[in-house]
$ cat run-v7.csv   # CSV, C-alpha atoms
chain,number,residue,atom,x,y,z
A,1,MET,CA,-47.2,90.0,6.3
A,2,ASN,CA,-45.8,90.1,9.8
A,3,PHE,CA,-47.7,93.2,10.6
A,4,HIS,CA,-50.3,93.4,13.4
A,5,THR,CA,-53.7,94.7,12.8
A,6,ILE,CA,-54.4,98.1,14.4
A,7,HIS,CA,-57.4,97.9,16.7
A,8,HIS,CA,-57.2,101.2,18.7
A,9,CYS,CA,-56.2,104.7,17.9
A,10,ARG,CA,-52.6,105.6,18.9
A,11,GLN,CA,-53.7,109.1,19.8
A,12,CYS,CA,-56.9,108.7,21.8
A,13,GLY,CA,-57.5,104.9,22.3
A,14,THR,CA,-60.8,104.8,20.4
A,15,SER,CA,-61.6,101.6,18.3
A,16,VAL,CA,-60.6,102.4,14.8
A,17,GLU,CA,-62.4,101.8,11.5
A,18,HIS,CA,-60.7,100.1,8.6
A,19,ARG,CA,-61.6,102.1,5.5
A,20,VAL,CA,-60.3,104.3,2.7
A,21,PRO,CA,-59.7,107.8,4.2
A,22,ASP,CA,-61.5,110.8,2.7
A,23,ASP,CA,-58.3,112.6,1.7
A,24,GLY,CA,-57.9,111.1,-1.8
A,25,ASP,CA,-56.1,108.0,-0.6
A,26,THR,CA,-56.9,104.8,-2.4
A,27,LYS,CA,-55.9,102.2,0.3
A,28,THR,CA,-57.7,100.9,3.4
A,29,ARG,CA,-56.2,102.3,6.5
A,30,ALA,CA,-57.0,102.3,10.2
A,31,VAL,CA,-58.9,105.6,10.7
A,32,CYS,CA,-60.0,106.9,14.1
A,33,PRO,CA,-63.7,107.9,14.1
A,34,ALA,CA,-63.2,110.1,17.2
A,35,CYS,CA,-60.0,112.2,16.5
A,36,GLY,CA,-59.5,111.5,12.7
A,37,THR,CA,-56.0,110.1,13.0
A,38,ILE,CA,-55.0,107.9,10.0
A,39,HIS,CA,-52.6,105.1,10.9
A,40,TYR,CA,-50.2,104.0,8.2
A,41,GLN,CA,-48.3,100.7,8.1
A,42,ASN,CA,-45.2,100.6,5.9
A,43,PRO,CA,-42.4,98.2,5.0
A,44,LEU,CA,-39.5,97.8,7.5
A,45,ASN,CA,-35.8,98.0,6.7
A,46,VAL,CA,-33.4,95.2,7.8
A,47,VAL,CA,-29.7,96.3,7.8
A,48,GLY,CA,-26.6,94.1,8.2
A,49,THR,CA,-23.1,93.4,7.0
A,50,VAL,CA,-21.0,90.7,5.3
A,51,PRO,CA,-17.9,90.9,7.6
A,52,HIS,CA,-15.0,89.3,5.9
A,53,ARG,CA,-11.3,88.5,6.7
A,54,ASP,CA,-8.9,86.9,4.2
A,55,ASP,CA,-11.1,84.4,2.4
A,56,ARG,CA,-13.6,83.9,5.2
A,57,VAL,CA,-17.0,85.4,6.2
A,58,LEU,CA,-18.4,85.8,9.7
A,59,LEU,CA,-21.7,84.1,10.5
A,60,CYS,CA,-23.7,84.2,13.8
A,61,LYS,CA,-25.7,81.3,15.1
A,62,ARG,CA,-29.1,82.7,16.2
A,63,ASN,CA,-30.0,82.5,19.9
A,64,ILE,CA,-33.5,83.9,19.3
A,65,GLU,CA,-36.6,83.1,17.3
A,66,PRO,CA,-37.3,83.1,14.5
A,67,ARG,CA,-34.8,80.5,13.2
A,68,ARG,CA,-33.1,79.9,16.5
A,69,GLY,CA,-30.0,77.7,16.0
A,70,PHE,CA,-29.6,78.7,12.3
A,71,TRP,CA,-26.7,80.8,11.0
A,72,THR,CA,-27.1,84.4,9.8
A,73,LEU,CA,-25.1,87.4,8.8
A,74,PRO,CA,-25.3,90.1,11.5
A,75,ALA,CA,-28.4,92.1,10.8
A,76,GLY,CA,-31.6,93.6,12.3
A,77,PHE,CA,-34.3,96.2,12.1
A,78,MET,CA,-33.1,99.7,11.2
A,79,GLU,CA,-33.9,102.2,14.0
A,80,LEU,CA,-34.9,105.9,14.0
A,81,GLY,CA,-31.9,108.2,14.4
A,82,GLU,CA,-29.5,106.1,12.3
A,83,SER,CA,-28.6,105.7,8.7
A,84,THR,CA,-28.7,102.3,6.9
A,85,ALA,CA,-24.9,102.1,7.2
A,86,GLU,CA,-25.0,103.1,10.9
A,87,GLY,CA,-27.6,100.5,11.6
A,88,ALA,CA,-25.6,97.8,9.8
A,89,MET,CA,-22.6,98.7,12.0
A,90,ARG,CA,-24.6,98.7,15.2
A,91,GLU,CA,-26.1,95.2,14.5
A,92,THR,CA,-22.6,93.9,13.7
A,93,ARG,CA,-21.4,95.2,17.1
A,94,GLU,CA,-24.4,93.9,19.0
A,95,GLU,CA,-24.7,90.5,17.5
A,96,ALA,CA,-21.0,89.6,16.9
A,97,GLY,CA,-18.9,92.2,18.8
A,98,ALA,CA,-16.8,92.4,15.6
A,99,GLU,CA,-14.5,95.3,14.9
A,100,ILE,CA,-15.2,96.3,11.3
A,101,GLU,CA,-14.6,99.0,8.7
A,102,LEU,CA,-17.6,99.4,6.5
A,103,GLU,CA,-17.2,99.2,2.8
A,104,GLY,CA,-19.8,99.7,0.1
A,105,LEU,CA,-23.5,98.7,-0.1
A,106,PHE,CA,-23.6,95.1,-1.5
A,107,THR,CA,-27.2,93.8,-1.7
A,108,LEU,CA,-30.5,95.5,-1.6
A,109,LEU,CA,-33.2,92.8,-1.5
A,110,ASN,CA,-37.0,93.3,-1.4
A,111,VAL,CA,-39.0,90.7,0.5
A,112,VAL,CA,-42.5,91.9,-0.4
A,113,ARG,CA,-44.3,89.0,1.2
A,114,VAL,CA,-43.1,90.1,4.7
A,115,GLY,CA,-43.0,93.8,4.0
A,116,GLN,CA,-39.2,94.2,4.4
A,117,VAL,CA,-36.3,95.6,2.5
A,118,HIS,CA,-32.9,94.1,3.4
A,119,PHE,CA,-29.6,96.0,3.0
A,120,TYR,CA,-26.2,94.3,3.3
A,121,TYR,CA,-22.9,96.2,3.3
A,122,ARG,CA,-19.5,94.6,2.8
A,123,ALA,CA,-17.3,95.1,5.9
A,124,ARG,CA,-13.6,94.5,6.4
A,125,MET,CA,-12.9,92.8,9.8
A,126,LEU,CA,-10.0,94.6,11.6
A,127,SER,CA,-9.2,91.7,13.9
A,128,GLU,CA,-10.5,88.2,14.6
A,129,ARG,CA,-11.7,89.2,18.1
A,130,LEU,CA,-15.4,88.6,18.6
A,131,ASP,CA,-17.7,89.2,21.5
A,132,PRO,CA,-21.2,87.9,20.6
A,133,GLY,CA,-24.2,89.4,22.4
A,134,PRO,CA,-27.2,87.6,24.0
A,135,GLU,CA,-28.9,87.2,20.6
A,136,THR,CA,-26.0,85.0,19.3
A,137,MET,CA,-25.1,81.5,20.5
A,138,GLU,CA,-21.8,81.4,18.6
A,139,ALA,CA,-20.0,83.6,16.0
A,140,ARG,CA,-17.2,82.3,13.7
A,141,LEU,CA,-15.5,82.7,10.4
A,142,PHE,CA,-16.3,80.3,7.5
A,143,SER,CA,-14.5,79.8,4.2
A,144,GLU,CA,-16.7,79.3,1.2
A,145,ASP,CA,-16.6,75.5,1.4
A,146,GLU,CA,-17.3,75.5,5.2
A,147,ILE,CA,-20.5,77.5,4.9
A,148,PRO,CA,-23.4,75.5,6.4
A,149,TRP,CA,-25.7,76.2,3.4
A,150,ASP,CA,-28.5,74.0,4.8
A,151,GLU,CA,-28.5,75.8,8.1
A,152,ILE,CA,-28.8,79.4,6.9
A,153,ALA,CA,-31.5,81.3,8.7
A,154,PHE,CA,-32.9,83.5,5.9
A,155,ARG,CA,-33.0,83.6,2.1
A,156,THR,CA,-31.6,87.1,1.9
A,157,VAL,CA,-28.6,85.9,3.8
A,158,LYS,CA,-28.1,82.9,1.5
A,159,GLU,CA,-28.5,85.1,-1.6
A,160,THR,CA,-26.1,87.7,-0.2
A,161,LEU,CA,-23.4,85.0,0.6
A,162,GLU,CA,-23.8,83.5,-2.9
A,163,ARG,CA,-23.3,86.9,-4.5
A,164,PHE,CA,-20.4,87.7,-2.2
A,165,PHE,CA,-18.4,84.5,-3.1
A,166,ASP,CA,-19.3,84.9,-6.8
A,167,ASP,CA,-18.1,88.5,-7.0
A,168,ARG,CA,-15.0,87.6,-5.0
A,169,ARG,CA,-14.2,85.0,-7.6
A,170,ARG,CA,-14.8,87.5,-10.4
A,171,GLY,CA,-12.5,90.0,-8.5
A,172,ALA,CA,-15.1,92.8,-8.6
A,173,PHE,CA,-17.9,93.7,-6.2
A,174,GLY,CA,-21.1,95.2,-7.5
A,175,ILE,CA,-24.3,96.4,-5.9
A,176,HIS,CA,-27.0,93.8,-6.4
A,177,ALA,CA,-30.6,95.0,-6.2
A,178,GLY,CA,-33.5,92.5,-6.6
A,179,ASP,CA,-36.6,90.9,-5.1
A,180,LEU,CA,-37.1,87.6,-3.3
A,181,ASP,CA,-40.5,85.9,-3.3
B,182,MET,CA,-38.5,113.5,13.4
B,183,ASN,CA,-41.9,113.5,11.7
B,184,PHE,CA,-43.1,110.7,13.9
B,185,HIS,CA,-46.0,111.0,16.2
B,186,THR,CA,-45.8,110.0,19.8
B,187,ILE,CA,-47.8,106.9,20.7
B,188,HIS,CA,-50.2,107.6,23.5
B,189,HIS,CA,-52.5,104.5,23.4
B,190,CYS,CA,-52.0,100.8,22.8
B,191,ARG,CA,-52.8,99.7,19.2
B,192,GLN,CA,-54.1,96.3,20.6
B,193,CYS,CA,-56.3,97.3,23.6
B,194,GLY,CA,-56.4,101.1,23.8
B,195,THR,CA,-54.8,101.4,27.2
B,196,SER,CA,-52.4,104.4,27.8
B,197,VAL,CA,-48.9,103.2,27.1
B,198,GLU,CA,-45.7,103.7,29.2
B,199,HIS,CA,-42.6,105.0,27.5
B,200,ARG,CA,-39.7,102.8,28.8
B,201,VAL,CA,-37.1,100.2,27.9
B,202,PRO,CA,-38.9,96.9,27.5
B,203,ASP,CA,-37.8,93.9,29.7
B,204,ASP,CA,-36.8,91.7,26.8
B,205,GLY,CA,-33.1,92.8,26.5
B,206,ASP,CA,-33.9,95.8,24.3
B,207,THR,CA,-31.8,99.0,25.0
B,208,LYS,CA,-34.2,101.6,23.6
B,209,THR,CA,-37.2,103.4,25.0
B,210,ARG,CA,-40.5,102.1,23.4
B,211,ALA,CA,-44.2,102.6,24.0
B,212,VAL,CA,-45.1,99.6,26.1
B,213,CYS,CA,-48.6,98.6,27.1
B,214,PRO,CA,-49.0,98.0,30.8
B,215,ALA,CA,-52.2,96.0,30.3
B,216,CYS,CA,-51.5,93.6,27.4
B,217,GLY,CA,-47.7,93.9,27.1
B,218,THR,CA,-47.6,95.0,23.4
B,219,ILE,CA,-44.4,96.8,22.5
B,220,HIS,CA,-44.8,99.4,19.8
B,221,TYR,CA,-41.8,100.1,17.5
B,222,GLN,CA,-41.4,103.1,15.3
B,223,ASN,CA,-39.0,102.7,12.4
B,224,PRO,CA,-37.7,104.7,9.4
B,225,LEU,CA,-39.9,105.1,6.3
B,226,ASN,CA,-38.9,104.5,2.7
B,227,VAL,CA,-39.7,107.1,0.0
B,228,VAL,CA,-39.5,105.7,-3.5
B,229,GLY,CA,-39.4,107.5,-6.8
B,230,THR,CA,-38.0,107.9,-10.3
B,231,VAL,CA,-35.9,110.1,-12.6
B,232,PRO,CA,-38.1,109.9,-15.7
B,233,HIS,CA,-36.0,111.1,-18.7
B,234,ARG,CA,-36.5,111.5,-22.4
B,235,ASP,CA,-33.8,112.7,-24.8
B,236,ASP,CA,-31.8,115.2,-22.7
B,237,ARG,CA,-34.8,116.2,-20.5
B,238,VAL,CA,-36.1,115.1,-17.1
B,239,LEU,CA,-39.7,115.1,-15.8
B,240,LEU,CA,-40.6,117.2,-12.8
B,241,CYS,CA,-43.9,117.7,-11.0
B,242,LYS,CA,-45.1,120.9,-9.3
B,243,ARG,CA,-46.5,119.8,-6.0
B,244,ASN,CA,-50.2,120.5,-5.3
B,245,ILE,CA,-50.0,119.4,-1.7
B,246,GLU,CA,-48.1,120.3,1.5
B,247,PRO,CA,-45.3,120.1,2.4
B,248,ARG,CA,-43.6,122.3,-0.3
B,249,ARG,CA,-46.8,123.0,-2.3
B,250,GLY,CA,-45.8,124.9,-5.5
B,251,PHE,CA,-42.3,123.5,-5.5
B,252,TRP,CA,-41.0,121.1,-8.1
B,253,THR,CA,-40.2,117.4,-7.3
B,254,LEU,CA,-39.4,114.1,-9.0
B,255,PRO,CA,-42.4,111.8,-8.7
B,256,ALA,CA,-42.0,110.0,-5.4
B,257,GLY,CA,-43.9,109.0,-2.3
B,258,PHE,CA,-44.0,106.6,0.7
B,259,MET,CA,-43.4,102.9,-0.1
B,260,GLU,CA,-46.5,100.8,0.7
B,261,LEU,CA,-46.9,97.2,2.1
B,262,GLY,CA,-47.3,94.7,-0.7
B,263,GLU,CA,-44.9,96.3,-3.2
B,264,SER,CA,-41.2,96.4,-3.8
B,265,THR,CA,-39.1,99.6,-3.9
B,266,ALA,CA,-39.2,99.4,-7.7
B,267,GLU,CA,-42.9,98.8,-7.9
B,268,GLY,CA,-43.6,101.6,-5.5
B,269,ALA,CA,-41.4,103.9,-7.6
B,270,MET,CA,-43.4,103.0,-10.7
B,271,ARG,CA,-46.8,103.5,-8.9
B,272,GLU,CA,-45.8,107.0,-7.7
B,273,THR,CA,-44.7,107.9,-11.2
B,274,ARG,CA,-48.1,106.8,-12.6
B,275,GLU,CA,-50.1,108.5,-9.8
B,276,GLU,CA,-48.3,111.8,-9.8
B,277,ALA,CA,-47.4,112.3,-13.4
B,278,GLY,CA,-49.3,109.7,-15.4
B,279,ALA,CA,-46.1,109.0,-17.3
B,280,GLU,CA,-45.5,105.8,-19.3
B,281,ILE,CA,-42.1,104.6,-18.2
B,282,GLU,CA,-39.7,101.6,-18.4
B,283,LEU,CA,-37.8,101.3,-15.2
B,284,GLU,CA,-34.0,101.2,-15.4
B,285,GLY,CA,-31.6,100.7,-12.5
B,286,LEU,CA,-31.5,102.0,-9.0
B,287,PHE,CA,-29.8,105.4,-9.1
B,288,THR,CA,-29.7,107.1,-5.7
B,289,LEU,CA,-30.1,105.7,-2.1
B,290,LEU,CA,-30.2,108.6,0.3
B,291,ASN,CA,-30.6,108.5,4.1
B,292,VAL,CA,-32.2,111.5,5.7
B,293,VAL,CA,-31.7,110.5,9.3
B,294,ARG,CA,-33.1,113.7,10.8
B,295,VAL,CA,-36.6,112.9,9.5
B,296,GLY,CA,-36.3,109.1,9.7
B,297,GLN,CA,-36.4,108.4,6.0
B,298,VAL,CA,-34.5,106.5,3.3
B,299,HIS,CA,-35.1,107.7,-0.3
B,300,PHE,CA,-34.7,105.5,-3.3
B,301,TYR,CA,-34.7,106.9,-6.9
B,302,TYR,CA,-34.7,104.7,-10.0
B,303,ARG,CA,-33.8,105.9,-13.5
B,304,ALA,CA,-36.8,105.5,-15.8
B,305,ARG,CA,-37.0,105.8,-19.6
B,306,MET,CA,-40.1,107.7,-20.7
B,307,LEU,CA,-41.9,105.8,-23.5
B,308,SER,CA,-43.9,108.8,-24.7
B,309,GLU,CA,-44.4,112.5,-23.8
B,310,ARG,CA,-48.0,111.9,-22.8
B,311,LEU,CA,-48.6,112.9,-19.2
B,312,ASP,CA,-51.7,112.8,-17.0
B,313,PRO,CA,-50.9,114.4,-13.6
B,314,GLY,CA,-52.9,113.3,-10.6
B,315,PRO,CA,-54.5,115.5,-8.0
B,316,GLU,CA,-51.3,115.8,-6.0
B,317,THR,CA,-49.6,117.6,-9.0
B,318,MET,CA,-50.4,121.1,-10.4
B,319,GLU,CA,-48.3,120.6,-13.5
B,320,ALA,CA,-45.9,118.1,-14.9
B,321,ARG,CA,-43.3,118.9,-17.6
B,322,LEU,CA,-39.9,118.0,-19.1
B,323,PHE,CA,-36.9,120.2,-18.3
B,324,SER,CA,-33.5,120.2,-19.9
B,325,GLU,CA,-30.6,120.7,-17.5
B,326,ASP,CA,-30.4,124.5,-18.0
B,327,GLU,CA,-34.1,124.9,-17.6
B,328,ILE,CA,-34.3,123.1,-14.1
B,329,PRO,CA,-35.7,125.6,-11.5
B,330,TRP,CA,-32.9,124.9,-9.0
B,331,ASP,CA,-34.3,127.4,-6.5
B,332,GLU,CA,-37.7,125.9,-6.6
B,333,ILE,CA,-36.9,122.2,-5.9
B,334,ALA,CA,-39.0,120.8,-3.1
B,335,PHE,CA,-36.6,118.5,-1.4
B,336,ARG,CA,-32.8,118.1,-1.0
B,337,THR,CA,-32.9,114.4,-2.0
B,338,VAL,CA,-34.5,115.5,-5.3
B,339,LYS,CA,-31.8,118.3,-5.9
B,340,GLU,CA,-29.0,115.8,-5.1
B,341,THR,CA,-30.5,113.1,-7.4
B,342,LEU,CA,-30.9,115.6,-10.3
B,343,GLU,CA,-27.3,116.9,-9.9
B,344,ARG,CA,-26.0,113.3,-9.9
B,345,PHE,CA,-28.1,112.4,-12.9
B,346,PHE,CA,-26.8,115.3,-15.1
B,347,ASP,CA,-23.2,114.7,-13.8
B,348,ASP,CA,-23.4,111.0,-14.7
B,349,ARG,CA,-25.0,111.7,-18.0
B,350,ARG,CA,-22.1,114.1,-18.9
B,351,ARG,CA,-19.7,111.3,-17.9
B,352,GLY,CA,-21.6,108.9,-20.1
B,353,ALA,CA,-22.0,106.3,-17.3
B,354,PHE,CA,-24.7,105.9,-14.5
B,355,GLY,CA,-23.6,104.6,-11.1
B,356,ILE,CA,-25.6,103.8,-8.0
B,357,HIS,CA,-25.0,106.7,-5.5
B,358,ALA,CA,-25.5,105.8,-1.8
B,359,GLY,CA,-25.1,108.5,0.9
B,360,ASP,CA,-26.5,110.6,3.7
B,361,LEU,CA,-28.1,114.0,3.8
B,362,ASP,CA,-28.1,116.0,7.0

$ encode --input "run-v7.csv" --output "structure tokens"
Amino acid sequence: MNFHTIHHCRQCGTSVEHRVPDDGDTKTRAVCPACGTIHYQNPLNVVGTVPHRDDRVLLCKRNIEPRRGFWTLPAGFMELGESTAEGAMRETREEAGAEIELEGLFTLLNVVRVGQVHFYYRARMLSERLDPGPETMEARLFSEDEIPWDEIAFRTVKETLERFFDDRRRGAFGIHAGDLD
Amino acid sequence: MNFHTIHHCRQCGTSVEHRVPDDGDTKTRAVCPACGTIHYQNPLNVVGTVPHRDDRVLLCKRNIEPRRGFWTLPAGFMELGESTAEGAMRETREEAGAEIELEGLFTLLNVVRVGQVHFYYRARMLSERLDPGPETMEARLFSEDEIPWDEIAFRTVKETLERFFDDRRRGAFGIHAGDLD
């Protein structure tokens, strides 16, 4: 898990105890012995797009860790105040500066080991203009046989790209839900 | 939002500042002036099922707030260490004690106002045996014309039930993704 242990209470700053709360819960939580606050940690959503134009797909070369220098689809952590679709559009704007029109949800992938759920939407690119942000070294379009398969940053990205080209070949896009180890 | 303001640092207990971090972020976060920890708050996933048998659907009468006494599909917050599907099965076991076989994802509903994403899976009930947990007053099967529409606990549940009976009438179940205000 990429989650940090909670040492102090968010409400009052007291050192927390790690125990099963007395409210009928069955899991160990960080419980404040002073004010009683129970701190929950839950999975995070990662939202992104598969921006495509003609037979090509847009990838971004990461300028930040983890996996700096590897290629990814535009994606990032979903924020409060936005939907999964809005978050996917925001990340596409921030990381690639691409003008897109969102299509349907395409993959929904659980990565239990790191406590994440990844959502990728298909997105039609409205132009080839790009304006990558500071998190991206370079953004460009790749046809299927140009994809740098050995330099893909994350397995959810690889899985999503494979499904995309498979469905494109079949001529019909589904919604693919599944788990990655 | 049902999120609590962060007052103290999770790592060291110091009072946090609420400001945009210096790392290129654009949003206000709780930042610790002593140890530098940045605290993020993100949407939560709620996972559940539509347990069905013959032409009926299983609902649970809530024994806890919010919406105590109202009817819901079995659902709850996704935990670390489980997938969306595993969480949906766990909640169905905990709240109704139903024996189910999970089918496909059915609805994926954003509720931006409260910072939640709700996932409902279709689930075939393997028997009519039920064993409701402490969070449930009563669990029972309802045919479409018996559903207590005015006593449904949450809008995502109402939306999911409506879609379920509509798709059933059509004879084909889709995956319905959308937003509720």

$ closest_residue --input "run-v7.csv" --among "B:Val228, B:Met259, B:Val238, B:Leu283" --to "chain A" --atoms "all atoms listed in the file"
B:Met259

$ closest_atom_pairs --input "run-v7.csv" --of "chain B" --to "chain A" --cutoff "7 Å" --atoms "only C-alpha atoms" --output "Markdown table"
| residue | atom | partner | partner_atom | distance |
| --- | --- | --- | --- | --- |
| B:Ile187 | CA | A:Arg10 | CA | 5.3 |
| B:His188 | CA | A:Gln11 | CA | 5.3 |
| B:His189 | CA | A:Arg10 | CA | 4.6 |
| B:Cys190 | CA | A:Arg10 | CA | 6.2 |
| B:Arg191 | CA | A:His8 | CA | 4.7 |
| B:Gln192 | CA | A:His7 | CA | 5.4 |
| B:Cys193 | CA | A:His8 | CA | 6.3 |
| B:Gly194 | CA | A:Gly13 | CA | 4.2 |
| B:Thr195 | CA | A:Gly13 | CA | 6.6 |
| B:Asn223 | CA | A:Glu79 | CA | 5.4 |
| B:Pro224 | CA | A:Leu80 | CA | 5.5 |
| B:Leu225 | CA | A:Asn42 | CA | 7.0 |
| B:Met259 | CA | A:Asn42 | CA | 6.7 |
| B:Glu260 | CA | A:Asn42 | CA | 5.4 |
| B:Leu261 | CA | A:Asn42 | CA | 5.4 |
| B:Gly262 | CA | A:Val112 | CA | 5.6 |
| B:Glu263 | CA | A:Val112 | CA | 5.7 |
| B:Ser264 | CA | A:Asn110 | CA | 5.7 |
| B:Asn291 | CA | A:Ser83 | CA | 5.7 |
| B:Val293 | CA | A:Gly81 | CA | 5.6 |
| B:Arg294 | CA | A:Gly81 | CA | 6.7 |
| B:Gly296 | CA | A:Leu80 | CA | 5.5 |

$ closest_residue --input "run-v7.csv" --among "A:Thr49, A:Pro132, A:Glu86, A:Glu159" --to "Phe119 of chain A" --atoms "all atoms listed in the file"
A:Thr49

$ residues_around --input "run-v7.csv" --residues "Leu58 of chain A" --least-positions-apart "3" --cutoff "6 Å" --atoms "only C-alpha atoms" --output "MDAnalysis selection string"
chainID A and resid 51 140:141

$ closest_residue --input "run-v7.csv" --among "A:Arg124, A:Arg170, A:His118, A:Arg129" --to "Ile100 of chain A" --atoms "only C-alpha atoms"
A:Arg124

$ closest_residue --input "run-v7.csv" --among "B:Ala256, B:Ile219, B:Leu311, B:Ala353" --to "Met270 of chain B" --atoms "all atoms listed in the file"
B:Ala256

$ residues_near_point --input "run-v7.csv" --point "(-37.0, 117.4, -13.0)" --cutoff "10 Å" --atoms "only C-alpha atoms" --output "NGL selection string"
:B and (230-233 or 237-242 or 252-255 or 320-325 or 327-330 or 333 or 338-339 or 341-342)

$ closest_residue --input "run-v7.csv" --among "A:Asp131, A:Pro33, A:Val46, A:Ala88" --to "Pro21 of chain A" --atoms "all atoms listed in the file"
A:Pro33

$ closest_residue --input "run-v7.csv" --among "B:Met306, B:Met318, B:Val212, B:Ala334" --to "Asp235 of chain B" --atoms "only C-alpha atoms"
B:Met306
